[in-house]
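**Student:** Got a structure for you, written out below as structure tokens; questions coming shortly.
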Amino acid sequence: MRKTFTTLALLLLAVMAQAQTPQQMLDKAIAALRNAGTLSASYKVRSPQGSNSGTIIMAGNKYRLLSSDIKCWYDGNTQWTWSRATDEVNITTPTPEDLQMTNPMAAAADFKTNFNMWKSKGQIPGHYAIMMQPKKKSDIAQVYLYLTNGTDLLHIAHIRMTDGSTFTLTLTGYKTKQSLPASTFTYDKSMVPAGTQVVDLR
């Protein structure tokens, strides 16, 4: 009898987990980011232009992104961006739309507000998959998010544009509750080539 009760309880928990709506799962993913404190991860982006990889550190709305082609610091107000293509550092005060392109927290908030979402039929074992489409006309046709079971953190984001091109972001090696100084999120000239020009576009 006790074994039967345990089995039924486990089945009930499994059904409850599957019954969570995509909106609830996205809320859990946002909460997981917020509760992670200062969080770091490795990332890889695959796009029509090729592949790029690097690291990202986030703390609330602050972040630092480092790769061989681009380095970006955002302290919650000011953004410094170095690009290999321009070989200069641009200082800007980014708009919410700008932040959606580089800050996972801002992107998740935008998805919640401006996208319709469904549980995706194309599931990956160990993940909860969400399919989203913009409510209004957009360059984005569809977004698929794959959240890791247990942590609710984003593992894969697959974006298909209206022109047919696709972008895939993969995040791995999460580390949470890190103790890092505030300077982590401000421009560090030692991380760019010596003599790099700094252009203030504010």
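If you're wondering about the labels, chains in the structure tokens are A, B, ... by order shown, residues count from 1 in each chain, ligands from 1 in order shown.
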Residues near stretch 154-168 of chain A, anyone? I mean within 7 Å using only C-alpha atoms, not counting same-chain ones fewer than 4 positions away, as a PyMOL selection string.
**Tutor:** chain A and resi 29+45-48+139-148+172
**Student:** Could the residues in this selection be written to a file with C-alpha atoms, as an mmCIF file, in the first residue's frame?
**Tutor:**
```cif
data_model
loop_
_atom_site.group_PDB
_atom_site.id
_atom_site.type_symbol
_atom_site.label_atom_id
_atom_site.label_comp_id
_atom_site.auth_asym_id
_atom_site.auth_seq_id
_atom_site.Cartn_x
_atom_site.Cartn_y
_atom_site.Cartn_z
ATOM 1 C CA ALA A 29 13.242 31.287 -15.812
ATOM 2 C CA VAL A 45 26.193 31.899 -31.019
ATOM 3 C CA ARG A 46 25.635 30.328 -34.431
ATOM 4 C CA SER A 47 24.382 32.701 -37.134
ATOM 5 C CA PRO A 48 24.506 33.125 -40.932
ATOM 6 C CA ASP A 139 11.742 40.898 -37.987
ATOM 7 C CA ILE A 140 11.457 37.828 -35.748
ATOM 8 C CA ALA A 141 9.203 35.027 -36.990
ATOM 9 C CA GLN A 142 9.595 32.475 -34.179
ATOM 10 C CA VAL A 143 11.612 31.900 -31.024
ATOM 11 C CA TYR A 144 12.213 28.569 -29.306
ATOM 12 C CA LEU A 145 13.516 28.565 -25.729
ATOM 13 C CA TYR A 146 14.806 25.416 -24.048
ATOM 14 C CA LEU A 147 14.882 25.670 -20.239
ATOM 15 C CA THR A 148 16.820 23.109 -18.227
ATOM 16 C CA THR A 172 26.556 26.322 -20.599
#
```
**Student:** Which residues are near A:Asp87? Cut-off 10 Å, only C-alpha atoms, ignore same chain within fewer than 5 positions. Put them as a PyMOL selection string.
**Tutor:** chain A and resi 69-70+82+192-193+195-198
**Student:** What does the file look like for those residues with N, CA and C atoms, as a PDB file, in the first residue's frame?
**Tutor:**
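The resulting result-v7.pdb:
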```
ATOM      1  N   ASP A  69      35.521  38.789 -30.747  1.00  0.00           N
ATOM      2  CA  ASP A  69      35.039  39.776 -31.713  1.00  0.00           C
ATOM      3  C   ASP A  69      34.348  40.977 -31.085  1.00  0.00           C
ATOM      4  N   ILE A  70      33.829  40.811 -29.874  1.00  0.00           N
ATOM      5  CA  ILE A  70      33.110  41.903 -29.230  1.00  0.00           C
ATOM      6  C   ILE A  70      33.280  41.811 -27.719  1.00  0.00           C
ATOM      7  N   TRP A  82      33.257  47.364 -27.403  1.00  0.00           N
ATOM      8  CA  TRP A  82      34.377  47.266 -28.334  1.00  0.00           C
ATOM      9  C   TRP A  82      34.058  46.211 -29.373  1.00  0.00           C
ATOM     10  N   VAL A 192      41.120  45.478 -24.164  1.00  0.00           N
ATOM     11  CA  VAL A 192      41.076  45.819 -25.583  1.00  0.00           C
ATOM     12  C   VAL A 192      42.496  46.173 -26.031  1.00  0.00           C
ATOM     13  N   PRO A 193      42.770  46.169 -27.342  1.00  0.00           N
ATOM     14  CA  PRO A 193      44.117  46.488 -27.819  1.00  0.00           C
ATOM     15  C   PRO A 193      44.587  47.863 -27.339  1.00  0.00           C
ATOM     16  N   GLY A 195      45.848  51.505 -27.135  1.00  0.00           N
ATOM     17  CA  GLY A 195      45.661  52.630 -28.047  1.00  0.00           C
ATOM     18  C   GLY A 195      44.300  52.673 -28.729  1.00  0.00           C
ATOM     19  N   THR A 196      43.400  51.779 -28.343  1.00  0.00           N
ATOM     20  CA  THR A 196      42.051  51.761 -28.952  1.00  0.00           C
ATOM     21  C   THR A 196      41.346  53.093 -28.687  1.00  0.00           C
ATOM     22  N   GLN A 197      40.761  53.673 -29.737  1.00  0.00           N
ATOM     23  CA  GLN A 197      40.046  54.939 -29.603  1.00  0.00           C
ATOM     24  C   GLN A 197      38.719  54.729 -28.882  1.00  0.00           C
ATOM     25  N   VAL A 198      38.384  55.634 -27.973  1.00  0.00           N
ATOM     26  CA  VAL A 198      37.119  55.607 -27.252  1.00  0.00           C
ATOM     27  C   VAL A 198      36.253  56.755 -27.761  1.00  0.00           C
TER      28      VAL A 198
END
```
**Student:** If you count only C-alpha atoms, which residues fall within 12 Å of A:Ala107, apart from same-chain ones fewer than 3 positions away, as an NGL selection string?
**Tutor:** :A and (26 or 29-30 or 61 or 96-104 or 110-115 or 143 or 145 or 154 or 157)
**Student:** Which parts of stretch 19-200 of chain A does DSSP call alpha helix (DSSP H) when run on the backbone here, written out as JSON, numbers by chain?
**Tutor:** {"A": [22, 23, 24, 25, 26, 27, 28, 29, 30, 31, 32, 33, 34, 35, 96, 97, 98, 99, 100, 104, 105, 106, 107, 108, 109, 110, 111, 112, 113, 114]}
**Student:** Within stretch 38-190 of chain A, find each residue whose DSSP state, derived from the backbone, is strand (DSSP E or B), and express the selection as number ranges by chain.
**Tutor:** A: 38-47, 50-59, 62-67, 70-74, 79-83, 88-92, 115-119, 127-134, 140-148, 154-161, 166-178
**Student:** Please compute the atom CA of A:Thr55-atom CA of A:Gln123 distance, one decimal, in Å.
**Tutor:** 26.3 Å
**Student:** With a distance cut-off of 9 Å and only C-alpha atoms, select the neighbouring residues of A:Asn77, excluding the residue or stretch itself and same-chain residues fewer than 5 positions from it, and output the selection as a ChimeraX atom specification.
**Tutor:** /A:62,92-94
**Student:** Could you check the closest approach to A:Asn90 for each of A:Ala182, A:Met25, A:Cys72, A:Ile57 and tell me which residue wins, using only C-alpha atoms?
**Tutor:**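 Selected residue with least distance to A:Asn90: A:Cys72.
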**Student:** What is the atom CA of A:Lys175 to atom CA of A:Ala129 distance in Å?
**Tutor:**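 Between atom CA of A:Lys175 and atom CA of A:Ala129 the gap is 22.2 Å.
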